[in-house]
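> upload-v1.csv is the file, holding CSV, C-alpha atoms:
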```
chain,number,residue,atom,x,y,z
U,1304,MET,CA,193.2,-23.2,-4.9
U,1305,LYS,CA,189.7,-22.7,-3.5
U,1306,VAL,CA,188.5,-25.4,-1.3
U,1307,GLU,CA,185.3,-25.8,-3.3
U,1308,HIS,CA,187.4,-27.2,-6.2
U,1309,LEU,CA,188.2,-30.2,-4.0
U,1310,ALA,CA,184.5,-31.3,-3.8
U,1311,ALA,CA,182.9,-33.7,-6.1
U,1312,PRO,CA,181.5,-32.1,-9.3
U,1313,GLY,CA,177.9,-32.9,-8.4
U,1314,VAL,CA,178.2,-31.4,-5.0
U,1315,ARG,CA,179.9,-28.2,-6.3
U,1316,ALA,CA,176.9,-27.6,-8.6
U,1317,LEU,CA,174.3,-28.1,-5.8
U,1318,THR,CA,172.2,-25.3,-4.4
U,1319,PRO,CA,171.6,-25.9,-0.6
U,1320,TYR,CA,168.1,-26.8,0.4
U,1321,LEU,CA,166.4,-23.8,2.1
U,1322,PRO,CA,164.1,-24.8,5.0
U,1323,GLY,CA,161.2,-22.7,6.0
U,1324,LYS,CA,161.9,-19.6,8.2
U,1325,PRO,CA,161.9,-20.6,11.9
U,1326,ILE,CA,159.6,-18.7,14.3
U,1327,SER,CA,162.5,-17.7,16.5
U,1328,GLU,CA,164.3,-16.0,13.7
U,1329,LEU,CA,161.2,-14.0,12.7
U,1330,GLU,CA,160.6,-13.0,16.3
U,1331,ARG,CA,164.2,-11.7,16.5
U,1332,GLU,CA,164.2,-9.9,13.2
U,1333,LEU,CA,160.8,-8.1,13.5
U,1334,GLY,CA,160.1,-8.1,17.2
U,1335,LEU,CA,156.8,-9.9,16.7
U,1336,SER,CA,155.2,-11.9,19.5
U,1337,THR,CA,152.4,-13.6,17.7
U,1338,ILE,CA,153.5,-15.7,14.7
U,1339,VAL,CA,151.7,-18.3,12.6
U,1340,LYS,CA,153.9,-20.7,10.8
U,1341,LEU,CA,152.3,-22.4,7.8
U,1342,ALA,CA,155.5,-23.0,5.8
U,1343,SER,CA,156.8,-26.6,6.5
U,1344,ASN,CA,153.8,-28.9,6.2
U,1345,GLU,CA,153.8,-29.7,9.9
U,1346,ASN,CA,150.9,-31.0,11.9
U,1347,PRO,CA,149.4,-28.0,13.8
U,1348,ARG,CA,148.1,-30.3,16.5
U,1349,GLY,CA,151.6,-31.4,17.4
U,1350,PRO,CA,152.6,-34.9,18.4
U,1351,SER,CA,150.5,-37.4,20.3
U,1352,PRO,CA,150.8,-37.0,24.1
U,1353,LYS,CA,151.7,-40.7,24.2
U,1354,ALA,CA,154.6,-40.0,21.9
U,1355,LEU,CA,155.8,-37.1,24.0
U,1356,GLU,CA,155.7,-39.3,27.1
U,1357,ALA,CA,157.6,-42.1,25.4
U,1358,ALA,CA,160.3,-39.6,24.2
U,1359,ARG,CA,160.6,-38.3,27.8
U,1360,ARG,CA,161.1,-41.8,29.2
U,1361,ALA,CA,163.8,-42.5,26.6
U,1362,LEU,CA,165.8,-39.4,27.6
U,1363,SER,CA,166.7,-41.0,30.9
U,1364,GLU,CA,168.8,-43.5,28.9
U,1365,SER,CA,170.5,-40.8,26.7
U,1366,HIS,CA,173.9,-42.1,27.8
U,1367,LEU,CA,173.3,-45.3,25.9
U,1368,TYR,CA,173.4,-45.7,22.1
U,1369,PRO,CA,170.0,-46.2,20.5
U,1370,ASP,CA,168.8,-49.5,19.2
U,1371,GLY,CA,170.7,-49.4,15.9
U,1372,GLY,CA,168.4,-51.9,14.2
U,1373,GLY,CA,165.2,-50.3,15.4
U,1374,PHE,CA,163.9,-53.7,16.4
U,1375,GLU,CA,160.8,-52.6,18.4
U,1376,LEU,CA,159.7,-49.9,15.9
U,1377,LYS,CA,160.2,-52.3,13.0
U,1378,ALA,CA,158.1,-54.9,14.8
U,1379,ALA,CA,155.3,-52.3,15.3
U,1380,LEU,CA,155.4,-51.2,11.7
U,1381,SER,CA,155.5,-54.8,10.6
U,1382,ALA,CA,152.3,-55.6,12.4
U,1383,LYS,CA,150.5,-52.4,11.2
U,1384,LEU,CA,151.6,-52.7,7.6
U,1385,ASN,CA,151.5,-56.5,7.2
U,1386,VAL,CA,155.1,-56.7,6.1
U,1387,ARG,CA,158.1,-58.5,7.4
U,1388,PRO,CA,160.5,-56.6,9.7
U,1389,GLU,CA,163.4,-57.4,7.3
U,1390,GLN,CA,161.5,-55.3,4.6
U,1391,ILE,CA,161.8,-52.1,6.6
U,1392,THR,CA,164.7,-49.6,6.5
U,1393,LEU,CA,164.6,-46.8,9.1
U,1394,GLY,CA,165.9,-43.3,8.5
U,1395,ASN,CA,166.5,-40.0,10.1
U,1396,GLY,CA,163.4,-38.8,8.3
U,1397,SER,CA,162.4,-40.1,4.9
U,1398,ASN,CA,164.9,-37.8,3.3
U,1399,ASP,CA,167.6,-39.9,4.9
U,1400,VAL,CA,166.1,-43.0,3.3
U,1401,LEU,CA,165.9,-41.3,-0.1
U,1402,GLU,CA,169.6,-40.5,0.2
U,1403,LEU,CA,170.4,-44.1,1.0
U,1404,VAL,CA,168.5,-45.2,-2.1
U,1405,ALA,CA,170.5,-42.8,-4.3
U,1406,ARG,CA,173.8,-44.0,-2.8
U,1407,VAL,CA,172.9,-47.7,-3.4
U,1408,PHE,CA,171.5,-47.5,-6.9
U,1409,LEU,CA,173.0,-44.4,-8.6
U,1410,SER,CA,176.5,-43.7,-10.0
U,1411,ALA,CA,178.1,-41.4,-12.5
U,1412,GLU,CA,177.2,-43.9,-15.3
U,1413,SER,CA,173.5,-44.0,-14.4
U,1414,LYS,CA,170.4,-41.9,-14.4
U,1415,ALA,CA,167.4,-41.0,-12.3
U,1416,ILE,CA,164.1,-39.7,-13.5
U,1417,TYR,CA,161.7,-37.5,-11.7
U,1418,SER,CA,158.9,-35.0,-12.6
U,1419,GLU,CA,159.0,-31.3,-13.1
U,1420,TYR,CA,157.7,-29.7,-9.8
U,1421,ALA,CA,158.7,-32.8,-7.9
U,1422,PHE,CA,160.1,-32.8,-4.3
U,1423,ALA,CA,163.4,-30.9,-4.2
U,1424,ILE,CA,165.3,-33.7,-2.5
U,1425,TYR,CA,165.2,-35.9,-5.6
U,1426,PRO,CA,167.6,-33.7,-7.6
U,1427,ILE,CA,169.7,-33.1,-4.6
U,1428,VAL,CA,170.4,-36.8,-3.9
U,1429,THR,CA,170.8,-37.5,-7.6
U,1430,GLN,CA,173.3,-34.7,-8.2
U,1431,ALA,CA,175.2,-35.4,-5.0
U,1432,VAL,CA,176.2,-38.8,-6.1
U,1433,GLY,CA,177.2,-37.6,-9.5
U,1434,ALA,CA,174.4,-39.3,-11.4
U,1435,LYS,CA,172.5,-37.9,-14.4
U,1436,ALA,CA,169.0,-36.6,-14.1
U,1437,ALA,CA,166.1,-36.6,-16.6
U,1438,VAL,CA,163.3,-34.3,-15.7
U,1439,ALA,CA,159.9,-35.2,-17.2
U,1440,PRO,CA,157.6,-32.3,-17.9
U,1441,ALA,CA,154.5,-32.3,-15.7
U,1442,HIS,CA,151.0,-32.4,-17.0
U,1443,ASP,CA,149.8,-29.2,-18.7
U,1444,GLY,CA,146.2,-30.0,-17.9
U,1445,SER,CA,145.3,-31.6,-21.2
U,1446,ARG,CA,145.8,-35.2,-20.3
U,1447,GLY,CA,146.0,-35.1,-16.5
U,1448,PRO,CA,145.9,-32.6,-13.6
U,1449,ARG,CA,148.0,-29.6,-14.3
U,1450,TYR,CA,151.3,-29.7,-12.4
U,1451,GLY,CA,150.9,-33.4,-11.7
U,1452,HIS,CA,153.3,-36.2,-12.7
U,1453,ASP,CA,153.0,-37.2,-16.3
U,1454,LEU,CA,153.9,-40.9,-16.1
U,1455,GLN,CA,153.9,-41.2,-19.9
U,1456,ALA,CA,156.5,-38.6,-20.2
U,1457,MET,CA,158.5,-40.3,-17.4
U,1458,ALA,CA,158.3,-43.6,-19.1
U,1459,GLN,CA,159.6,-42.1,-22.4
U,1460,ARG,CA,162.8,-41.1,-20.6
U,1461,VAL,CA,163.7,-44.6,-19.3
U,1462,ASP,CA,166.7,-46.1,-21.1
U,1463,GLU,CA,169.4,-48.6,-20.5
U,1464,THR,CA,171.2,-46.2,-18.1
U,1465,THR,CA,168.1,-45.6,-15.9
U,1466,ARG,CA,168.4,-47.0,-12.4
U,1467,LEU,CA,165.8,-45.0,-10.4
U,1468,VAL,CA,162.5,-43.3,-10.9
U,1469,PHE,CA,161.3,-41.0,-8.1
U,1470,ILE,CA,157.5,-40.7,-7.8
U,1471,ALA,CA,156.0,-38.5,-5.1
U,1472,ASN,CA,152.4,-39.5,-4.4
U,1473,PRO,CA,151.0,-37.1,-3.4
U,1474,ASN,CA,153.6,-34.6,-4.6
U,1475,ASN,CA,155.1,-31.7,-2.7
U,1476,PRO,CA,154.7,-28.8,-3.4
U,1477,THR,CA,151.7,-29.4,-5.8
U,1478,GLY,CA,149.5,-31.7,-3.8
U,1479,THR,CA,148.6,-33.6,-6.9
U,1480,TYR,CA,148.3,-37.4,-6.8
U,1481,LEU,CA,148.4,-40.5,-9.1
U,1482,THR,CA,145.5,-42.9,-9.2
U,1483,LYS,CA,145.7,-46.7,-8.6
U,1484,SER,CA,145.1,-47.5,-12.3
U,1485,GLU,CA,147.7,-45.1,-13.7
U,1486,LEU,CA,150.4,-45.8,-11.2
U,1487,ARG,CA,149.9,-49.6,-11.5
U,1488,GLY,CA,150.0,-49.4,-15.2
U,1489,PHE,CA,153.3,-47.5,-15.1
U,1490,LEU,CA,154.9,-50.0,-12.7
U,1491,ASP,CA,153.6,-52.9,-14.8
U,1492,HIS,CA,155.6,-51.6,-17.8
U,1493,LEU,CA,158.7,-50.4,-16.0
U,1494,PRO,CA,161.8,-52.5,-16.7
U,1495,LYS,CA,162.6,-54.8,-13.9
U,1496,ASP,CA,166.2,-53.4,-13.7
U,1497,VAL,CA,164.8,-50.0,-12.9
U,1498,VAL,CA,163.9,-49.2,-9.2
U,1499,ALA,CA,160.7,-47.2,-8.6
U,1500,VAL,CA,160.7,-45.1,-5.5
U,1501,VAL,CA,157.1,-44.1,-4.5
U,1502,ASP,CA,157.4,-41.4,-1.9
U,1503,GLU,CA,154.2,-41.5,0.3
U,1504,ALA,CA,155.1,-38.9,2.9
U,1505,TYR,CA,151.5,-37.6,3.0
U,1506,PHE,CA,149.9,-41.0,2.8
U,1507,GLU,CA,147.8,-40.7,6.0
U,1508,TYR,CA,146.1,-37.5,4.8
U,1509,VAL,CA,144.7,-38.8,1.5
U,1510,ASP,CA,141.1,-40.0,1.4
U,1511,ALA,CA,140.6,-40.1,-2.3
U,1512,PRO,CA,139.0,-43.5,-3.2
U,1513,ASP,CA,141.3,-44.1,-6.2
U,1514,TYR,CA,144.5,-43.4,-4.3
U,1515,PRO,CA,146.8,-46.5,-4.0
U,1516,ASP,CA,148.5,-48.0,-1.0
U,1517,CYS,CA,151.7,-49.1,-2.8
U,1518,ILE,CA,152.9,-51.2,0.1
U,1519,ALA,CA,150.2,-53.7,-0.8
U,1520,TRP,CA,151.9,-54.0,-4.3
U,1521,LEU,CA,155.4,-55.0,-3.0
U,1522,PRO,CA,154.8,-58.8,-3.6
U,1523,ASP,CA,154.2,-58.0,-7.3
U,1524,PHE,CA,157.2,-55.6,-7.8
U,1525,PRO,CA,160.6,-56.6,-6.5
U,1526,ASN,CA,161.9,-53.3,-7.9
U,1527,LEU,CA,159.6,-51.1,-5.8
U,1528,ILE,CA,160.5,-49.0,-2.7
U,1529,VAL,CA,157.8,-47.2,-0.7
U,1530,THR,CA,158.9,-44.4,1.6
U,1531,ARG,CA,156.9,-42.9,4.4
U,1532,THR,CA,157.5,-40.6,7.4
U,1533,PHE,CA,156.4,-39.7,10.9
U,1534,SER,CA,157.0,-36.0,10.3
U,1535,LYS,CA,153.6,-35.1,8.8
U,1536,ALA,CA,150.4,-36.6,10.1
U,1537,TYR,CA,152.1,-38.1,13.2
U,1538,GLY,CA,153.5,-34.7,14.1
U,1539,LEU,CA,157.1,-35.8,14.8
U,1540,ALA,CA,159.0,-33.5,12.3
U,1541,GLY,CA,161.4,-32.4,14.9
U,1542,LEU,CA,162.5,-35.9,15.9
U,1543,ARG,CA,163.1,-37.1,12.3
U,1544,VAL,CA,161.8,-40.6,11.7
U,1545,GLY,CA,161.1,-42.0,8.3
U,1546,TYR,CA,161.2,-45.5,6.8
U,1547,ALA,CA,161.2,-47.4,3.5
U,1548,VAL,CA,159.4,-50.7,2.8
U,1549,SER,CA,160.7,-52.9,0.0
U,1550,SER,CA,161.8,-56.4,-0.7
U,1551,PRO,CA,164.2,-57.9,1.9
U,1552,SER,CA,166.9,-57.8,-0.8
U,1553,ILE,CA,166.6,-54.1,-1.4
U,1554,ALA,CA,166.3,-53.4,2.4
U,1555,ASP,CA,169.5,-55.4,2.9
U,1556,LEU,CA,171.3,-53.2,0.4
U,1557,LEU,CA,170.0,-50.0,2.0
U,1558,ASN,CA,171.1,-51.2,5.4
U,1559,ARG,CA,174.6,-51.7,4.2
U,1560,VAL,CA,175.1,-48.0,3.7
U,1561,ARG,CA,172.8,-46.8,6.5
U,1562,GLN,CA,174.6,-45.4,9.5
U,1563,PRO,CA,174.3,-47.7,12.5
U,1564,PHE,CA,172.6,-45.2,14.8
U,1565,ASN,CA,170.8,-43.0,12.3
U,1566,VAL,CA,167.6,-42.7,14.4
U,1567,ASN,CA,167.9,-41.6,18.0
U,1568,SER,CA,166.3,-43.3,21.0
U,1569,ALA,CA,163.7,-40.6,21.8
U,1570,ALA,CA,162.6,-40.7,18.1
U,1571,LEU,CA,162.3,-44.5,18.0
U,1572,GLU,CA,160.2,-44.6,21.2
U,1573,ALA,CA,158.0,-41.6,20.1
U,1574,ALA,CA,157.3,-43.1,16.7
U,1575,LYS,CA,156.3,-46.4,18.2
U,1576,ALA,CA,153.9,-44.7,20.6
U,1577,ALA,CA,152.6,-42.4,17.9
U,1578,LEU,CA,151.8,-45.5,15.7
U,1579,GLU,CA,149.6,-46.8,18.5
U,1580,ASP,CA,147.7,-43.6,19.0
U,1581,GLU,CA,145.0,-44.0,16.3
U,1582,GLU,CA,142.7,-41.4,17.9
U,1583,HIS,CA,145.3,-38.7,17.7
U,1584,LEU,CA,146.0,-39.5,14.0
U,1585,ILE,CA,142.3,-39.5,13.2
U,1586,HIS,CA,141.8,-36.1,14.8
U,1587,SER,CA,144.8,-34.7,12.9
U,1588,VAL,CA,143.5,-36.0,9.6
U,1589,ASN,CA,140.0,-34.6,10.3
U,1590,LEU,CA,141.4,-31.2,11.2
U,1591,ASN,CA,143.4,-31.2,8.0
U,1592,ARG,CA,140.4,-32.1,5.9
U,1593,ALA,CA,138.4,-29.2,7.4
U,1594,GLY,CA,141.3,-26.8,6.9
U,1595,LEU,CA,141.8,-27.7,3.3
U,1596,VAL,CA,138.2,-26.9,2.6
U,1597,GLN,CA,138.5,-23.6,4.5
U,1598,LEU,CA,141.6,-22.5,2.6
U,1599,CYS,CA,140.4,-23.6,-0.8
U,1600,GLU,CA,136.9,-22.0,-0.4
U,1601,ALA,CA,138.7,-18.8,0.7
U,1602,PHE,CA,141.0,-18.8,-2.4
U,1603,ALA,CA,138.1,-19.4,-4.7
U,1604,ALA,CA,136.1,-16.6,-3.1
U,1605,ARG,CA,139.1,-14.3,-3.7
U,1606,GLU,CA,139.4,-15.5,-7.3
U,1607,LEU,CA,142.9,-16.8,-6.6
U,1608,SER,CA,143.8,-19.9,-8.6
U,1609,PHE,CA,145.2,-22.8,-6.6
U,1610,ILE,CA,146.3,-26.4,-7.2
U,1611,PRO,CA,143.8,-28.9,-5.7
U,1612,SER,CA,145.6,-30.8,-3.0
U,1613,VAL,CA,145.2,-34.1,-1.1
U,1614,GLY,CA,148.1,-33.3,1.3
U,1615,ASN,CA,148.2,-31.0,4.3
U,1616,PHE,CA,149.0,-27.9,2.2
U,1617,VAL,CA,147.7,-25.9,-0.7
U,1618,THR,CA,149.8,-24.1,-3.4
U,1619,VAL,CA,148.1,-20.9,-4.4
U,1620,ASP,CA,148.8,-18.5,-7.4
U,1621,VAL,CA,148.8,-14.9,-6.0
U,1622,ALA,CA,148.8,-13.6,-9.6
U,1623,LYS,CA,152.1,-11.7,-9.1
U,1624,PRO,CA,155.6,-12.4,-8.1
U,1625,ALA,CA,155.2,-14.3,-4.9
U,1626,THR,CA,158.4,-13.4,-3.0
U,1627,PRO,CA,157.3,-9.8,-2.2
U,1628,VAL,CA,154.0,-11.2,-1.0
U,1629,TYR,CA,155.9,-13.7,1.1
U,1630,ASP,CA,158.0,-10.9,2.6
U,1631,ALA,CA,155.0,-8.8,3.3
U,1632,LEU,CA,153.3,-11.7,5.1
U,1633,LEU,CA,156.3,-12.1,7.2
U,1634,ARG,CA,155.9,-8.6,8.5
U,1635,GLN,CA,152.3,-9.5,9.3
U,1636,GLY,CA,153.6,-12.4,11.5
U,1637,VAL,CA,152.7,-15.2,9.0
U,1638,ILE,CA,155.2,-17.6,7.6
U,1639,VAL,CA,154.4,-19.4,4.3
U,1640,ARG,CA,156.6,-20.9,1.6
U,1641,PRO,CA,157.5,-19.3,-1.7
U,1642,VAL,CA,158.1,-22.0,-4.3
U,1643,GLY,CA,160.0,-20.1,-7.0
U,1644,ASN,CA,162.8,-22.7,-6.7
U,1645,TYR,CA,160.3,-25.3,-8.1
U,1646,GLY,CA,159.6,-23.1,-11.1
U,1647,LEU,CA,156.5,-21.6,-9.6
U,1648,PRO,CA,157.4,-18.0,-9.1
U,1649,ASN,CA,153.9,-16.7,-8.6
U,1650,HIS,CA,152.9,-19.3,-6.1
U,1651,LEU,CA,153.0,-19.7,-2.3
U,1652,ARG,CA,152.6,-23.1,-0.6
U,1653,VAL,CA,150.5,-22.8,2.5
U,1654,THR,CA,150.4,-25.5,5.2
U,1655,VAL,CA,147.0,-26.2,6.6
U,1656,GLY,CA,146.9,-24.9,10.2
U,1657,THR,CA,144.1,-24.8,12.7
U,1658,GLU,CA,140.9,-22.9,11.8
U,1659,GLU,CA,142.2,-19.9,13.7
U,1660,GLU,CA,145.7,-20.0,12.1
U,1661,ASN,CA,144.1,-20.3,8.7
U,1662,ARG,CA,141.9,-17.3,9.4
U,1663,ILE,CA,144.9,-15.2,10.6
U,1664,PHE,CA,146.7,-16.1,7.3
U,1665,LEU,CA,143.7,-15.2,5.1
U,1666,ASP,CA,143.2,-11.9,6.9
U,1667,ALA,CA,146.9,-11.1,6.5
U,1668,LEU,CA,146.8,-12.1,2.8
U,1669,ASP,CA,143.9,-9.8,2.2
U,1670,ARG,CA,145.9,-6.9,3.7
U,1671,VAL,CA,149.0,-7.7,1.7
U,1672,LEU,CA,147.2,-8.1,-1.7
U,1673,ALA,CA,145.3,-4.9,-1.1
U,1674,LEU,CA,148.6,-2.9,-0.9
```
Any chance you could put this one into structure tokens?


Amino acid sequence: MKVEHLAAPGVRALTPYLPGKPISELERELGLSTIVKLASNENPRGPSPKALEAARRALSESHLYPDGGGFELKAALSAKLNVRPEQITLGNGSNDVLELVARVFLSAESKAIYSEYAFAIYPIVTQAVGAKAAVAPAHDGSRGPRYGHDLQAMAQRVDETTRLVFIANPNNPTGTYLTKSELRGFLDHLPKDVVAVVDEAYFEYVDAPDYPDCIAWLPDFPNLIVTRTFSKAYGLAGLRVGYAVSSPSIADLLNRVRQPFNVNSAALEAAKAALEDEEHLIHSVNLNRAGLVQLCEAFAARELSFIPSVGNFVTVDVAKPATPVYDALLRQGVIVRPVGNYGLPNHLRVTVGTEEENRIFLDALDRVLAL
């Protein structure tokens, strides 16, 4: 008997998540010394110096277990977000929190709904617990932004077995977002026994005036969970800190299955310090805004179609199979992300870098597309 047959059916059918290619591996493979990584939606400015210093201080107590309840970070988040500490669930990145949500609310008899082109973790956590999935087709451009979540199509798939609806706002890898009015209308009509998970991993980057802050809606929706992360705008992707904000009742359920020490001491301290460094966050957001303009104007000048984005990345149609373009860019020392696994075989997702990193990528893209 093969050992794979011992695994749960949902796990057997999973395809492992493939992270972006690391810089060290590309250096080893191709012997390159200058590499630009624009593959994983990281903050090119890096973490706040205050966060780094806080993490260093925490290392001196590495022999002690971390604060399993995350008391100080929860207190800081509570003050910033105007919620109660008992509404917050901490995770080893927001992916960890999304998995907790699936473990609490899904089973083999229930169903989760998410959109076509939505974040890859939603099908992974759904399938891993053996639940059913309903994938709603994304907008085709006639009633909403092409590739964006079609909330009407998602609502049509809700039935008596539905327990979760995953909504990424904005969505990765498309960068599309839902407005206050459309998302509020969807939540108003969602049955109260269906939990809505609004994933706001890129919240800090969005400056669209009609973009909602769903944490403010929690008093109105006991079945709402909002997830955020320190991996993006706060620049702490390597330390893995995310969180959910919900009703205290939902947070209590999530904490029943959460591992006691799922966030390490250095990450807890760094996140708390990062939260206090507003200046670093503002500079990071401003850098991203300028980089988005730089990339989108360059794509338009090259007559390359792209998906308008409010995140820290842009997904561009290279008008041919994207994997060979991705491979050729690797040989130029530029790492981006092919998104064929999302059903977008001609697209590359490009993280916004510094002005210089963006220029290096665009120059490399010109050389590759000219071949």

> Have a look at U:Leu1542, U:Ala1570, U:Ala1547, U:Leu1493 and name the one nearest to Asp1462 of chain U; count all atoms listed in the file.

U:Leu1493

> Which of these, U:Ile1610, U:Val1596, U:Leu1393, U:Leu1409, has the shortest distance to Thr1657 of chain U once you count all atoms listed in the file?

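Using all atoms listed in the file, Thr1657 of chain U sits closest to U:Val1596.
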
> Given all atoms listed in the file as the basis, pick out the residue of U:Val1637, U:Val1655, U:Ala1569, U:Ala1574 nearest to Gln1597 of chain U.

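Checking each of U:Val1637, U:Val1655, U:Ala1569, U:Ala1574 against Gln1597 of chain U, counting all atoms listed in the file, the winner is U:Val1655.
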
> Mind checking which residues fall within 10 Å of Ala1577 of chain U, counting all atoms listed in the file, ignoring those fewer than 5 positions away in the same chain, and posting them as a PDB file with C-alpha atoms, keeping the file's coordinate frame?


```
ATOM      1  CA  PRO U1350     152.600 -34.900  18.400  1.00  0.00           C
ATOM      2  CA  SER U1351     150.500 -37.400  20.300  1.00  0.00           C
ATOM      3  CA  PRO U1352     150.800 -37.000  24.100  1.00  0.00           C
ATOM      4  CA  LYS U1353     151.700 -40.700  24.200  1.00  0.00           C
ATOM      5  CA  ALA U1354     154.600 -40.000  21.900  1.00  0.00           C
ATOM      6  CA  LEU U1355     155.800 -37.100  24.000  1.00  0.00           C
ATOM      7  CA  ALA U1357     157.600 -42.100  25.400  1.00  0.00           C
ATOM      8  CA  PHE U1533     156.400 -39.700  10.900  1.00  0.00           C
ATOM      9  CA  ALA U1536     150.400 -36.600  10.100  1.00  0.00           C
ATOM     10  CA  TYR U1537     152.100 -38.100  13.200  1.00  0.00           C
ATOM     11  CA  GLY U1538     153.500 -34.700  14.100  1.00  0.00           C
ATOM     12  CA  LEU U1539     157.100 -35.800  14.800  1.00  0.00           C
ATOM     13  CA  LEU U1571     162.300 -44.500  18.000  1.00  0.00           C
ATOM     14  CA  GLU U1572     160.200 -44.600  21.200  1.00  0.00           C
ATOM     15  CA  GLU U1582     142.700 -41.400  17.900  1.00  0.00           C
ATOM     16  CA  HIS U1583     145.300 -38.700  17.700  1.00  0.00           C
ATOM     17  CA  LEU U1584     146.000 -39.500  14.000  1.00  0.00           C
TER      18      LEU U1584
END
```

> Between U:Leu1527, U:Ser1418, U:Arg1640, U:Ala1471, which is the closest to Val1628 of chain U once you count all atoms listed in the file?

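Checking each candidate against Val1628 of chain U, we get U:Arg1640 as the closest.
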
> Got a sec: who's within 8 Å of segment 1507-1516 of chain U, counting only C-alpha atoms, leaving out chain neighbours fewer than 3 positions off, as an MDAnalysis selection string?

chainID U and resid 1480:1484 1519:1520 1536 1588 1591:1592 1613:1615

> Rounded to one decimal, what separation in Å do you get between atom CA of Gly1478 of chain U and atom CA of Ile1528 of chain U?

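Separating atom CA of Gly1478 of chain U from atom CA of Ile1528 of chain U is a distance of 20.5 Å.
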
> Pick out the residues sitting within 12 Å of Glu1606 of chain U, and hand them over as a list in words; count all atoms listed in the file, and ignore anything fewer than 2 positions along from it in its own chain.

Cys1599, Glu1600, Ala1601, Phe1602, Ala1603, Ala1604, Ser1608, Phe1609, Val1619, Asp1620, Val1621, Ala1622 and Asp1669 of chain U

> Could you check how far atom CA of Asp1555 of chain U sits from atom CA of Glu1364 of chain U, in Å to one decimal?

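It comes out at 28.6 Å.
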
> Select, from U:Pro1648, U:Gly1656, U:Gly1541, U:Pro1563, the residue with the minimum atom-to-atom distance to Asn1344 of chain U, counting all atoms listed in the file.

U:Gly1656

> Just the number, please: distance in Å from atom CA of Ser1413 of chain U to atom CA of Met1457 of chain U, one decimal.

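A separation of 15.7 Å between them.
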
> Determine, counting all atoms listed in the file, every residue of protein, DNA or RNA that lies within 6 Å of (154.2, -21.3, -2.9) in the file coordinates, then give the result as a VMD selection string.

chain U and resid 1618 1640 to 1642 1650 to 1652

> Counting only C-alpha atoms, which of U:Leu1384, U:Asn1398, U:Ile1326, U:Leu1672 gets nearest to Ser1534 of chain U?

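Under the stated criterion, the closest residue is U:Asn1398.
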
> Please identify all polymer residues within 8 Å of Leu1557 of chain U, counting all atoms listed in the file, omitting same-chain residues fewer than 3 positions from it, and present them as a list of chain:residue names.

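Near neighbours after the sequence-gap exclusion: U:Thr1392, U:Leu1403, U:Val1404, U:Val1407, U:Ile1553, U:Ala1554, U:Val1560, U:Arg1561.
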